[in-house]
file work_2.txt (compact mmCIF, C-alpha atoms and all ligand atoms)
# COMPACT_ATOMS: atom_id res chain seq x y z
CA MET A 292 21.59 -18.02 4.32
CA SER A 293 20.05 -14.84 5.68
CA PHE A 294 21.44 -11.32 6.13
CA VAL A 295 19.11 -10.60 9.05
CA HIS A 296 21.07 -9.28 12.02
CA ALA A 297 18.52 -8.64 14.79
CA LEU A 298 15.39 -6.78 15.79
CA THR A 299 16.38 -3.31 16.97
CA CYS A 300 14.34 -0.64 18.75
CA LYS A 301 13.78 2.41 16.57
CA GLU A 302 14.03 4.63 19.66
CA CYS A 303 16.85 3.32 21.89
CA GLY A 304 18.58 0.88 19.54
CA ALA A 305 18.22 -2.08 21.95
CA GLU A 306 18.69 -5.39 20.12
CA TYR A 307 16.47 -8.44 20.33
CA GLY A 308 16.60 -11.88 18.76
CA ILE A 309 14.38 -12.85 15.85
CA GLU A 310 11.12 -13.56 17.68
CA PRO A 311 7.46 -12.50 17.59
CA ARG A 312 7.62 -9.05 19.16
CA THR A 313 6.18 -5.62 18.43
CA VAL A 314 7.85 -3.20 20.84
CA CYS A 315 10.97 -2.67 22.93
CA ASP A 316 10.83 -3.66 26.62
CA ASN A 317 12.65 -0.47 27.69
CA ASP A 318 10.57 2.24 26.06
CA PHE A 319 7.77 0.58 24.05
CA GLY A 320 9.39 1.90 20.85
CA PRO A 321 8.64 -0.22 17.76
CA VAL A 322 11.25 -2.79 16.81
CA GLU A 323 12.51 -3.10 13.25
CA VAL A 324 14.50 -5.73 11.37
CA ALA A 325 18.18 -4.80 10.98
CA TYR A 326 20.38 -6.40 8.33
CA ASP A 327 24.08 -6.87 7.81
CA TYR A 328 24.50 -4.62 4.77
CA ASP A 329 28.29 -5.03 4.75
CA ALA A 330 27.86 -8.75 4.15
CA MET A 331 25.49 -7.97 1.26
CA GLN A 332 28.00 -5.80 -0.62
CA GLY A 333 29.02 -7.51 -3.82
CA THR A 334 26.59 -10.40 -3.18
CA VAL A 335 23.27 -8.59 -3.51
CA THR A 336 23.62 -7.00 -6.93
CA ARG A 337 21.39 -5.96 -9.82
CA GLU A 338 22.33 -9.23 -11.49
CA SER A 339 21.55 -11.38 -8.45
CA ILE A 340 18.13 -9.75 -8.16
CA GLU A 341 17.39 -10.02 -11.89
CA ALA A 342 18.26 -13.72 -11.75
CA GLY A 343 15.65 -14.26 -9.01
CA PRO A 344 12.04 -15.44 -9.36
CA ALA A 345 9.37 -13.31 -11.08
CA SER A 346 7.80 -12.39 -7.75
CA LEU A 347 8.59 -10.27 -4.71
CA TRP A 348 10.88 -13.09 -3.56
CA ARG A 349 13.54 -11.82 -5.98
CA TYR A 350 14.35 -9.44 -3.08
CA LYS A 351 14.60 -12.30 -0.56
CA ASP A 352 18.09 -11.24 0.58
CA LEU A 353 16.54 -8.00 1.84
CA LEU A 354 13.62 -9.70 3.57
CA PRO A 355 13.50 -11.17 7.10
CA ILE A 356 13.06 -14.87 6.48
CA GLU A 357 15.52 -17.59 7.45
CA GLY A 358 14.57 -20.47 5.16
CA GLU A 359 12.73 -20.67 1.86
CA PRO A 360 9.53 -18.70 1.07
CA ARG A 361 6.33 -20.55 2.05
CA THR A 362 3.72 -18.47 0.22
CA GLY A 363 3.47 -15.50 -2.16
CA PHE A 364 5.21 -17.32 -5.01
CA ASN A 365 3.24 -15.16 -7.45
CA SER A 366 2.88 -12.02 -5.34
CA GLY A 367 4.52 -8.73 -6.21
CA LEU A 368 6.27 -7.79 -9.43
CA THR A 369 3.17 -5.83 -10.39
CA PRO A 370 3.19 -3.50 -13.40
CA LEU A 371 4.92 -0.16 -13.36
CA VAL A 372 2.89 1.75 -15.92
CA LYS A 373 4.41 4.70 -17.75
CA ALA A 374 1.31 6.86 -17.60
CA ASP A 375 1.77 9.12 -20.62
CA ARG A 376 -1.90 9.89 -21.22
CA LEU A 377 -2.43 10.82 -17.59
CA ALA A 378 0.84 12.79 -17.61
CA ALA A 379 -0.34 14.81 -20.60
CA GLU A 380 -3.62 15.55 -18.88
CA LEU A 381 -1.87 16.69 -15.70
CA GLY A 382 0.83 18.61 -17.55
CA VAL A 383 3.77 16.66 -16.14
CA LYS A 384 6.74 15.21 -17.98
CA GLU A 385 7.40 11.74 -16.57
CA LEU A 386 4.72 9.94 -14.57
CA TYR A 387 4.54 6.32 -13.40
CA ILE A 388 1.76 4.34 -11.80
CA LYS A 389 2.94 1.48 -9.60
CA ASP A 390 -0.09 -0.73 -9.98
CA ASP A 391 -0.71 -3.05 -7.04
CA SER A 392 -4.36 -3.29 -8.06
CA ALA A 393 -2.97 -6.21 -10.10
CA ASN A 394 -1.23 -7.95 -7.21
CA HIS A 395 -1.67 -11.73 -6.86
CA PRO A 396 -3.75 -13.25 -5.34
CA THR A 397 -6.00 -10.62 -3.72
CA PHE A 398 -5.42 -7.44 -5.72
CA SER A 399 -3.88 -5.08 -3.22
CA TYR A 400 -0.50 -4.15 -1.82
CA LYS A 401 -1.29 -6.33 1.20
CA ASP A 402 -0.19 -9.47 -0.67
CA ARG A 403 3.36 -8.19 -0.17
CA VAL A 404 3.32 -7.84 3.60
CA VAL A 405 1.31 -11.00 4.06
CA SER A 406 3.71 -13.11 1.97
CA ILE A 407 6.44 -12.35 4.47
CA ALA A 408 4.22 -12.55 7.58
CA ILE A 409 2.74 -15.96 6.72
CA THR A 410 6.16 -17.35 5.81
CA LYS A 411 7.40 -16.07 9.15
CA ALA A 412 4.38 -17.49 11.01
CA ILE A 413 5.23 -20.92 9.59
CA GLU A 414 8.91 -20.50 10.48
CA PHE A 415 7.92 -19.64 14.06
CA GLY A 416 5.62 -22.68 14.20
CA PHE A 417 2.25 -20.93 14.68
CA ASP A 418 -0.83 -22.94 13.69
CA THR A 419 -3.30 -20.04 13.76
CA VAL A 420 -2.93 -16.71 12.01
CA GLY A 421 -5.06 -13.60 12.11
CA CYS A 422 -5.17 -9.89 11.51
CA ALA A 423 -6.89 -6.63 12.33
CA SER A 424 -8.10 -5.37 8.99
CA THR A 425 -10.04 -2.74 7.10
CA GLY A 426 -10.67 -5.37 4.39
CA ASN A 427 -7.73 -5.84 2.08
CA LEU A 428 -5.50 -7.33 4.75
CA ALA A 429 -8.24 -9.80 5.67
CA HIS A 430 -8.50 -10.88 2.02
CA SER A 431 -4.81 -11.44 1.77
CA VAL A 432 -4.34 -13.21 5.10
CA ALA A 433 -7.34 -15.45 4.39
CA ALA A 434 -6.06 -16.35 0.92
CA HIS A 435 -2.41 -16.98 1.81
CA ALA A 436 -3.39 -18.87 4.98
CA ALA A 437 -5.89 -21.01 3.04
CA ALA A 438 -3.20 -21.92 0.52
CA SER A 439 -0.84 -22.73 3.39
CA GLY A 440 -3.36 -24.81 5.35
CA LEU A 441 -3.36 -22.58 8.43
CA ARG A 442 -6.32 -21.81 10.69
CA THR A 443 -7.38 -18.20 10.24
CA PHE A 444 -9.23 -15.55 12.23
CA VAL A 445 -9.81 -12.14 10.72
CA MET A 446 -11.02 -9.28 12.87
CA ILE A 447 -12.73 -6.38 11.09
CA PRO A 448 -14.95 -3.36 11.80
CA HIS A 449 -18.61 -4.38 11.52
CA ASP A 450 -19.48 -1.95 8.69
CA LEU A 451 -17.22 -3.01 5.80
CA GLU A 452 -18.41 -2.87 2.18
CA GLU A 453 -20.38 -5.92 0.99
CA GLY A 454 -17.79 -6.77 -1.68
CA LYS A 455 -15.04 -6.75 0.90
CA MET A 456 -17.00 -9.22 3.05
CA VAL A 457 -17.44 -11.67 0.18
CA GLY A 458 -13.79 -11.28 -0.84
CA MET A 459 -12.59 -12.60 2.51
CA SER A 460 -15.33 -15.09 3.40
CA VAL A 461 -14.78 -17.13 0.25
CA PHE A 462 -11.42 -18.36 1.58
CA GLY A 463 -13.09 -19.83 4.65
CA PRO A 464 -11.58 -17.91 7.57
CA ARG A 465 -13.40 -17.24 10.83
CA VAL A 466 -14.55 -13.66 10.33
CA VAL A 467 -15.18 -11.67 13.50
CA ARG A 468 -17.00 -8.36 13.00
CA ILE A 469 -16.39 -5.94 15.80
CA LYS A 470 -18.56 -3.01 16.81
CA GLY A 471 -16.25 -0.03 16.50
CA ASN A 472 -13.69 1.35 14.06
CA TYR A 473 -10.34 -0.09 12.98
CA ASP A 474 -8.58 1.31 16.02
CA ASP A 475 -10.94 -0.59 18.33
CA VAL A 476 -10.34 -3.77 16.32
CA ASN A 477 -6.58 -3.30 16.51
CA ARG A 478 -6.63 -2.79 20.27
CA LEU A 479 -8.56 -6.02 20.75
CA CYS A 480 -6.14 -7.85 18.47
CA SER A 481 -3.17 -6.89 20.64
CA GLN A 482 -4.88 -8.61 23.55
CA ILE A 483 -5.81 -11.64 21.43
CA ALA A 484 -2.22 -12.11 20.26
CA ASP A 485 -1.00 -12.20 23.87
CA LYS A 486 -3.71 -14.39 25.29
CA TYR A 487 -4.08 -17.00 22.52
CA ASN A 488 -0.52 -17.07 21.18
CA TRP A 489 -1.69 -16.67 17.60
CA ALA A 490 0.25 -14.96 14.85
CA ILE A 491 -1.65 -11.71 14.33
CA VAL A 492 0.28 -10.60 11.29
CA ASN A 493 0.09 -6.85 11.87
CA VAL A 494 0.48 -7.09 15.65
CA ASN A 495 3.01 -9.61 17.00
CA LEU A 496 4.54 -10.29 13.57
CA ARG A 497 4.48 -6.61 12.68
CA PRO A 498 8.27 -6.06 12.28
CA PHE A 499 8.43 -8.88 9.71
CA TYR A 500 5.13 -8.03 8.05
CA THR A 501 6.08 -4.40 7.48
CA GLU A 502 9.34 -5.36 5.75
CA GLY A 503 7.28 -6.85 2.93
CA ALA A 504 6.16 -3.35 2.00
CA LYS A 505 9.72 -2.58 0.91
CA THR A 506 9.20 -4.75 -2.16
CA HIS A 507 6.81 -2.13 -3.57
CA GLY A 508 9.73 0.32 -3.53
CA PHE A 509 12.34 -2.17 -4.76
CA GLU A 510 10.17 -2.90 -7.77
CA ILE A 511 9.65 0.76 -8.63
CA ALA A 512 13.42 1.24 -8.70
CA GLU A 513 14.18 -1.90 -10.69
CA GLN A 514 11.32 -1.34 -13.14
CA MET A 515 12.41 2.25 -13.77
CA GLY A 516 15.68 0.76 -14.99
CA TRP A 517 17.55 0.91 -11.66
CA ARG A 518 16.60 4.54 -11.03
CA LEU A 519 14.50 6.23 -8.39
CA PRO A 520 11.58 8.55 -9.00
CA ARG A 521 12.34 12.01 -7.61
CA HIS A 522 8.85 12.18 -6.11
CA THR A 523 6.78 9.29 -4.77
CA VAL A 524 3.18 9.74 -3.61
CA VAL A 525 2.00 7.03 -1.21
CA PRO A 526 -1.28 6.51 0.66
CA VAL A 527 -1.07 6.46 4.45
CA ALA A 528 -3.30 4.26 6.61
CA GLY A 529 -1.43 2.65 9.51
CA GLY A 530 1.74 4.15 8.10
CA THR A 531 3.52 0.98 7.01
CA ILE A 532 4.07 1.39 3.31
CA LEU A 533 5.37 4.96 3.09
CA PRO A 534 8.38 4.61 5.41
CA LYS A 535 9.12 1.18 3.93
CA VAL A 536 9.20 2.41 0.34
CA TRP A 537 11.63 5.02 1.61
CA LYS A 538 13.66 2.31 3.39
CA ALA A 539 13.72 0.31 0.16
CA TYR A 540 15.10 3.29 -1.75
CA GLN A 541 17.74 3.89 0.95
CA GLU A 542 18.78 0.23 0.96
CA PHE A 543 19.25 0.24 -2.81
CA ILE A 544 21.27 3.46 -2.52
CA GLN A 545 23.41 1.96 0.24
CA LEU A 546 24.07 -1.18 -1.81
CA GLY A 547 25.03 0.95 -4.80
CA LEU A 548 22.18 -0.42 -6.94
CA VAL A 549 20.74 3.03 -7.70
CA GLU A 550 22.01 6.59 -7.65
CA ASP A 551 20.91 8.79 -4.77
CA ASN A 552 18.70 11.44 -6.36
CA LYS A 553 17.34 12.54 -2.95
CA PRO A 554 13.93 10.91 -3.44
CA ALA A 555 11.11 12.84 -1.75
CA MET A 556 8.11 11.10 -0.21
CA TYR A 557 4.55 12.49 -0.11
CA ALA A 558 1.64 11.28 2.05
CA ALA A 559 -1.88 10.98 0.67
CA GLN A 560 -4.88 10.72 2.99
CA ALA A 561 -8.62 11.19 2.73
CA GLU A 562 -9.81 14.49 4.17
CA GLY A 563 -12.13 12.49 6.43
CA CYS A 564 -9.16 10.69 7.98
CA SER A 565 -6.01 12.77 7.69
CA PRO A 566 -4.16 12.88 11.02
CA VAL A 567 -0.72 12.60 9.42
CA VAL A 568 -1.32 15.21 6.73
CA LYS A 569 -2.73 17.64 9.33
CA ALA A 570 0.45 17.23 11.41
CA ILE A 571 2.64 17.86 8.36
CA GLU A 572 0.67 20.97 7.45
CA GLU A 573 0.85 22.24 11.03
CA GLY A 574 4.58 21.51 11.22
CA VAL A 575 4.31 19.31 14.33
CA ASP A 576 5.93 15.92 15.05
CA LEU A 577 2.91 14.30 16.66
CA PHE A 578 -0.51 13.81 15.13
CA HIS A 579 -3.92 13.98 16.80
CA PRO A 580 -5.94 10.78 16.35
CA GLN A 581 -9.18 11.24 14.40
CA LYS A 582 -12.51 9.45 14.05
CA PRO A 583 -12.56 8.40 10.37
CA ASN A 584 -15.37 9.48 8.08
CA THR A 585 -14.57 8.78 4.42
CA ILE A 586 -15.42 6.47 1.53
CA ALA A 587 -11.73 5.44 1.50
CA LYS A 588 -12.31 2.75 4.11
CA SER A 589 -9.18 0.73 3.47
CA ILE A 590 -7.06 3.69 4.55
CA ALA A 591 -9.42 4.95 7.28
CA ILE A 592 -7.12 4.55 10.27
CA GLY A 593 -7.50 7.44 12.68
CA ASN A 594 -4.64 6.44 14.99
CA PRO A 595 -1.89 5.15 12.68
CA ALA A 596 0.61 2.89 14.46
CA ASP A 597 3.53 4.26 12.44
CA GLY A 598 2.17 7.76 11.83
CA TYR A 599 5.06 9.32 13.72
CA TYR A 600 7.57 7.69 11.37
CA VAL A 601 5.62 8.73 8.31
CA ILE A 602 5.91 12.35 9.43
CA LYS A 603 9.62 11.90 10.11
CA VAL A 604 10.38 10.35 6.71
CA ILE A 605 8.42 13.05 4.92
CA ARG A 606 10.34 15.72 6.73
CA ASP A 607 13.75 14.04 6.22
CA SER A 608 13.08 13.45 2.52
CA GLY A 609 11.85 16.97 1.80
CA GLY A 610 8.38 15.81 0.82
CA TRP A 611 4.93 16.93 1.91
CA GLY A 612 1.33 15.71 2.24
CA ALA A 613 -2.14 16.36 0.91
CA SER A 614 -5.67 15.21 1.63
CA ALA A 615 -8.62 14.70 -0.71
CA GLU A 616 -12.39 15.07 -0.28
CA ASP A 617 -14.59 12.10 -1.15
CA SER A 618 -15.77 13.85 -4.34
CA GLU A 619 -12.16 14.41 -5.44
CA ILE A 620 -11.39 10.75 -4.73
CA ILE A 621 -14.22 9.65 -7.02
CA GLU A 622 -13.07 12.05 -9.77
CA ALA A 623 -9.52 10.71 -9.54
CA ILE A 624 -10.74 7.10 -9.77
CA GLN A 625 -12.51 8.02 -12.98
CA LEU A 626 -9.57 10.00 -14.33
CA LEU A 627 -7.18 7.06 -13.85
CA ALA A 628 -9.66 4.69 -15.45
CA ARG A 629 -10.34 7.04 -18.37
CA THR A 630 -6.69 7.82 -19.15
CA GLU A 631 -4.80 4.65 -18.25
CA GLY A 632 -7.40 1.89 -18.11
CA ILE A 633 -6.72 1.17 -14.44
CA PHE A 634 -9.62 0.80 -12.01
CA THR A 635 -8.55 1.50 -8.45
CA GLU A 636 -10.45 1.63 -5.20
CA PRO A 637 -10.91 4.83 -3.14
CA ALA A 638 -7.43 4.46 -1.60
CA GLY A 639 -5.94 4.77 -5.08
CA GLY A 640 -8.30 7.61 -5.93
CA THR A 641 -7.06 9.37 -2.81
CA THR A 642 -3.43 8.96 -3.82
CA LEU A 643 -3.95 10.29 -7.33
CA ALA A 644 -6.17 13.15 -6.13
CA CYS A 645 -3.48 14.16 -3.63
CA ALA A 646 -0.73 13.87 -6.26
CA ILE A 647 -2.72 16.24 -8.48
CA LYS A 648 -3.04 18.75 -5.62
CA LEU A 649 0.67 18.58 -4.85
CA ILE A 650 1.47 19.18 -8.52
CA GLN A 651 -0.98 22.09 -8.72
CA GLN A 652 0.46 23.60 -5.54
CA GLY A 653 3.94 23.43 -7.05
CA ARG A 654 5.15 21.13 -4.27
CA ILE A 655 5.91 18.51 -6.91
CA PRO A 656 7.60 20.08 -9.96
CA ARG A 657 6.15 19.14 -13.34
CA ASP A 658 9.48 18.31 -14.99
CA GLU A 659 10.82 15.62 -12.63
CA PRO A 660 9.98 11.88 -12.48
CA ILE A 661 6.91 11.18 -10.33
CA CYS A 662 5.56 7.83 -9.15
CA VAL A 663 2.00 7.45 -7.84
CA CYS A 664 1.49 4.30 -5.78
CA ILE A 665 -1.83 2.61 -6.54
CA THR A 666 -2.44 0.08 -3.81
CA GLY A 667 -5.89 -1.45 -4.35
CA ASN A 668 -8.42 -2.62 -6.94
CA GLY A 669 -11.73 -0.89 -7.74
CA LEU A 670 -13.58 -4.13 -8.42
CA LYS A 671 -13.54 -4.76 -4.67
CA THR A 672 -15.43 -1.56 -3.85
CA LEU A 673 -18.02 -1.36 -6.61
CA GLU A 674 -20.48 0.20 -4.15
CA VAL A 675 -18.73 3.55 -4.17
CA MET A 676 -19.05 3.89 -7.95
CA GLN A 677 -22.55 2.48 -8.35
CA GLY A 678 -25.19 4.90 -9.61
CA ARG A 679 -22.57 7.38 -10.80
CA PHE A 680 -22.86 6.71 -14.51
CA THR A 681 -25.55 7.91 -16.89
CA GLU A 682 -28.06 5.24 -17.74
CA THR A 683 -26.95 3.06 -20.63
CA PRO A 684 -29.34 2.86 -23.61
CA VAL A 685 -31.33 -0.24 -24.44
CA ILE A 686 -32.23 -0.92 -28.08
CA ASN A 687 -33.80 -3.70 -30.05
CA ALA A 688 -31.44 -5.98 -31.99
CA LYS A 689 -31.99 -3.90 -35.15
CA MET A 690 -29.27 -2.23 -37.21
CA GLY A 691 -31.41 0.86 -37.74
CA GLU A 692 -31.74 1.51 -34.02
CA PHE A 693 -28.00 1.06 -33.59
CA ASP A 694 -27.28 3.55 -36.41
CA THR A 695 -29.54 6.14 -34.76
CA LEU A 696 -27.84 5.61 -31.45
CA VAL A 697 -24.32 6.00 -32.88
CA LYS A 698 -25.40 9.21 -34.62
CA GLN A 699 -26.70 10.58 -31.31
CA ILE A 700 -23.51 9.64 -29.50
CA GLU A 701 -21.35 11.25 -32.18
CA GLU A 702 -23.35 14.48 -31.98
CA GLN A 703 -23.00 14.51 -28.18
CA THR A 704 -19.23 14.02 -28.29
CA THR A 705 -18.64 16.83 -30.78
CA GLU A 706 -20.75 19.19 -28.66
CA SER A 707 -19.11 18.47 -25.32
CA THR A 708 -15.88 20.21 -24.44
CA PRO A 709 -12.93 18.07 -23.49
CA GLN A 710 -12.60 17.38 -19.78
CA THR A 711 -9.70 18.97 -18.00
CA VAL A 712 -8.31 18.69 -14.52
C1 LIG B 801 -3.49 -1.10 3.77
C2 LIG B 801 -3.63 -0.24 2.58
C3 LIG B 801 -2.86 0.92 2.38
C4 LIG B 801 -1.80 1.48 3.27
O1 LIG B 801 -1.73 1.07 4.55
P1 LIG B 801 -0.49 1.33 5.50
O2 LIG B 801 -0.95 0.77 6.79
O3 LIG B 801 -0.26 2.82 5.61
O4 LIG B 801 0.67 0.64 4.94
C5 LIG B 801 -3.05 1.62 1.22
N1 LIG B 801 -3.94 1.24 0.31
C6 LIG B 801 -4.68 0.14 0.44
C7 LIG B 801 -5.63 -0.21 -0.65
C8 LIG B 801 -4.57 -0.65 1.57
O5 LIG B 801 -5.31 -1.75 1.69
ZN ZN B 802 13.82 0.88 22.99

call {"tool": "encode", "arguments": {"input": "work_2.txt", "output": "structure tokens", "more": "lines below"}}
Ligand SMILES: *Cc1c(COP(=O)(O)O)cnc(C)c1O
Ligand SMILES: [Zn+2]
result
Amino acid sequence: MSFVHALTCKECGAEYGIEPRTVCDNDFGPVEVAYDYDAMQGTVTRESIEAGPASLWRYKDLLPIEGEPRTGFNSGLTPLVKADRLAAELGVKELYIKDDSANHPTFSYKDRVVSIAITKAIEFGFDTVGCASTGNLAHSVAAHAAASGLRTFVMIPHDLEEGKMVGMSVFGPRVVRIKGNYDDVNRLCSQIADKYNWAIVNVNLRPFYTEGAKTHGFEIAEQMGWRLPRHTVVPVAGGTILPKVWKAYQEFIQLGLVEDNKPAMYAAQAEGCSPVVKAIEEGVDLFHPQKPNTIAKSIAIGNPADGYYVIKVIRDSGGWGASAEDSEIIEAIQLLARTEGIFTEPAGGTTLACAIKLIQQGRIPRDEPICVCITGNGLKTLEVMQGRFTETPVINAKMGEFDTLVKQIEEQTTESTPQTV
């Protein structure tokens, strides 16, 4: 039993059946999954969700699949960390880290969207799946498709980090490196989906794929004890996750599962690829596409497919945006690691760095609950941190040498002033 009603155009409201489709025939507006919320009332409850599996599939009633899940049985339900040490350092009262760096099986938020897309690809009867990716999506598609026995093609920009290449190749997909940036890859993938009739998860399965991002928001609310953060800071690449976390909050409000505290959404982008944040700062509805130049490669999308809707949600929710320089991104990665023991990739560093700016600017008040969405794992992008640490000492296996070393370290730590942000 499914509560899915139809695919509807976000612009003109035209309705379509449940089929592989990206845009409306009338106006090329994106189509989105619509549900029958009335039918959910009284059936989709806190209790029904809590009784579900320990994965993102506990929110199955709010996801666009018809039958049973086909993959992602261990995806989602990542930790929500109450970040008290980081909160103290930033001078805020109540801070949470939603930690998708621990997502199964490929350590990024993409395991959410892919769980739904691959299940949908199987429901539609596709035998080949693919994606246009900046890395993390390729990992996830390759892993979930391998475990489902599907043929896989991943299309990526030619200059991805070495670790990202290994992390997808190991699952055995066909990897196609394309000369150009993500936007060039994405354009080619639209043509591939049409010509070959493959399931390109973020192209012709996009309306289903994007719904998976809601689970990040559902989990935040449930894990906060059926409450919403007042302020949620989310990274923006193609613009999927931010509007979907917002949609998740609104769905829970509509179903009466949480109180409406007017949750505000904030966009985080790297300074070297910040079309959405620029538009917010300039007060315009439309963004200018950019040529990305940043270490935060997994969010380096200069022409975000859903950028327009990110801007709209931010405006409607009373939020804002910020962008971070590469050096600030690195500092934030280290700050999160040092205070909370979480190692995120540059996308996560961007989000935290932007959250700090928004707090310092007074856009996010210090005394209200804040959630920072960490979407990827630092072990996948070791390159960006390499060579940034002071050389570690080498000693002989002698107690005396160790004693001397500890004495030196203790003297250094008493001399140095505590680090502040
Ligand atoms: C894909 C991705 C995002 C966000 O992408 P959207 O297209 O805006 O949903 C954020 N962080 C990481 C690590 C990602 O891989
Ligand atoms: Zn339309």

call {"tool": "residues_near_ligand", "arguments": {"input": "work_2.txt", "ligand": "ligand ZN 802 (chain B)", "cutoff": "12 Å", "atoms": "all atoms listed in the file", "output": "NGL selection string"}}
result
:A and (298-307 or 313-323)

call {"tool": "atom_distance", "arguments": {"input": "work_2.txt", "atom1": "atom CA of A:Lys535", "atom2": "atom CA of A:Glu502"}}
result
6.8 Å

call {"tool": "residues_near_ligand", "arguments": {"input": "work_2.txt", "ligand": "ligand LIG 801 (chain B)", "cutoff": "6 Å", "atoms": "all atoms listed in the file", "output": "list in words"}}
result
Ser399, Asn427, Pro526, Val527, Ala528, Gly529, Gly530, Thr531, Ile532, Ser589, Ile590, Ala638, Thr666 and Gly667 of chain A

call {"tool": "residues_around", "arguments": {"input": "work_2.txt", "residues": "A:Tyr400", "least_positions_apart": "5", "cutoff": "10 Å", "atoms": "only C-alpha atoms", "output": "number ranges by chain"}}
result
A: 366-367, 369, 390-395, 405, 427-428, 431, 503-504, 506-507, 532, 664-668

call {"tool": "residues_around", "arguments": {"input": "work_2.txt", "residues": "A:Pro448", "least_positions_apart": "5", "cutoff": "8 Å", "atoms": "all atoms listed in the file", "output": "number ranges by chain"}}
result
A: 424-425, 468-473, 476

call {"tool": "atom_distance", "arguments": {"input": "work_2.txt", "atom1": "atom CA of A:Ala484", "atom2": "atom CA of A:Pro355"}}
result
20.5 Å

call {"tool": "atom_distance", "arguments": {"input": "work_2.txt", "atom1": "atom CA of A:Tyr599", "atom2": "atom CA of A:Leu577"}}
result
6.2 Å

call {"tool": "residues_around", "arguments": {"input": "work_2.txt", "residues": "A:Trp611", "least_positions_apart": "4", "cutoff": "10 Å", "atoms": "all atoms listed in the file", "output": "PyMOL selection string"}}
result
chain A and resi 524+555-559+568+571-572+602+604-606+649+654-655

call {"tool": "residues_near_point", "arguments": {"input": "work_2.txt", "point": "(15.7, -10.5, -10.0)", "cutoff": "12 Å", "atoms": "only C-alpha atoms", "output": "JSON, numbers by chain"}}
result
{"A": [335, 336, 337, 338, 339, 340, 341, 342, 343, 344, 345, 346, 347, 348, 349, 350, 351, 352, 367, 368, 506, 509, 510, 513, 514, 517]}

call {"tool": "closest_residue", "arguments": {"input": "work_2.txt", "among": "A:Gln545, A:Asn477, A:Gln651, A:Asn365", "to": "A:His435", "atoms": "all atoms listed in the file"}}
result
A:Asn365

call {"tool": "closest_residue", "arguments": {"input": "work_2.txt", "among": "A:Gln652, A:Thr443, A:Gln482, A:Thr642", "to": "A:Gly463", "atoms": "all atoms listed in the file"}}
result
A:Thr443

call {"tool": "residues_around", "arguments": {"input": "work_2.txt", "residues": "A:Ala570", "least_positions_apart": "4", "cutoff": "12 Å", "atoms": "only C-alpha atoms", "output": "ChimeraX atom specification"}}
result
/A:558,560,565-566,574-581,598-603,605-606,611-614

call {"tool": "write_last_selection", "arguments": {"input": "work_2.txt", "atoms": "C-alpha atoms", "output": "PDB file, keeping the file's coordinate frame"}}
result
ATOM      1  CA  ALA A 558       1.640  11.280   2.050  1.00  0.00           C
ATOM      2  CA  GLN A 560      -4.880  10.720   2.990  1.00  0.00           C
ATOM      3  CA  SER A 565      -6.010  12.770   7.690  1.00  0.00           C
ATOM      4  CA  PRO A 566      -4.160  12.880  11.020  1.00  0.00           C
ATOM      5  CA  GLY A 574       4.580  21.510  11.220  1.00  0.00           C
ATOM      6  CA  VAL A 575       4.310  19.310  14.330  1.00  0.00           C
ATOM      7  CA  ASP A 576       5.930  15.920  15.050  1.00  0.00           C
ATOM      8  CA  LEU A 577       2.910  14.300  16.660  1.00  0.00           C
ATOM      9  CA  PHE A 578      -0.510  13.810  15.130  1.00  0.00           C
ATOM     10  CA  HIS A 579      -3.920  13.980  16.800  1.00  0.00           C
ATOM     11  CA  PRO A 580      -5.940  10.780  16.350  1.00  0.00           C
ATOM     12  CA  GLN A 581      -9.180  11.240  14.400  1.00  0.00           C
ATOM     13  CA  GLY A 598       2.170   7.760  11.830  1.00  0.00           C
ATOM     14  CA  TYR A 599       5.060   9.320  13.720  1.00  0.00           C
ATOM     15  CA  TYR A 600       7.570   7.690  11.370  1.00  0.00           C
ATOM     16  CA  VAL A 601       5.620   8.730   8.310  1.00  0.00           C
ATOM     17  CA  ILE A 602       5.910  12.350   9.430  1.00  0.00           C
ATOM     18  CA  LYS A 603       9.620  11.900  10.110  1.00  0.00           C
ATOM     19  CA  ILE A 605       8.420  13.050   4.920  1.00  0.00           C
ATOM     20  CA  ARG A 606      10.340  15.720   6.730  1.00  0.00           C
ATOM     21  CA  TRP A 611       4.930  16.930   1.910  1.00  0.00           C
ATOM     22  CA  GLY A 612       1.330  15.710   2.240  1.00  0.00           C
ATOM     23  CA  ALA A 613      -2.140  16.360   0.910  1.00  0.00           C
ATOM     24  CA  SER A 614      -5.670  15.210   1.630  1.00  0.00           C
TER      25      SER A 614
END

call {"tool": "residues_around", "arguments": {"input": "work_2.txt", "residues": "stretch 676-693 of chain A", "least_positions_apart": "5", "cutoff": "9 Å", "atoms": "all atoms listed in the file", "output": "MDAnalysis selection string"}}
result
chainID A and resid 621 669 698

call {"tool": "write_last_selection", "arguments": {"input": "work_2.txt", "atoms": "C-alpha atoms", "output": "short mmCIF file (atom, residue, chain, number, x, y, z; two decimals), in the frame of the given file"}}
result
data_model
loop_
_atom_site.label_atom_id
_atom_site.label_comp_id
_atom_site.auth_asym_id
_atom_site.auth_seq_id
_atom_site.Cartn_x
_atom_site.Cartn_y
_atom_site.Cartn_z
CA ILE A 621 -14.22 9.65 -7.02
CA GLY A 669 -11.73 -0.89 -7.74
CA LYS A 698 -25.40 9.21 -34.62
#

call {"tool": "residues_near_point", "arguments": {"input": "work_2.txt", "point": "(-3.3, 2.6, 13.0)", "cutoff": "7 Å", "atoms": "all atoms listed in the file", "output": "ChimeraX atom specification"}}
result
/A:474,528-529,592-596
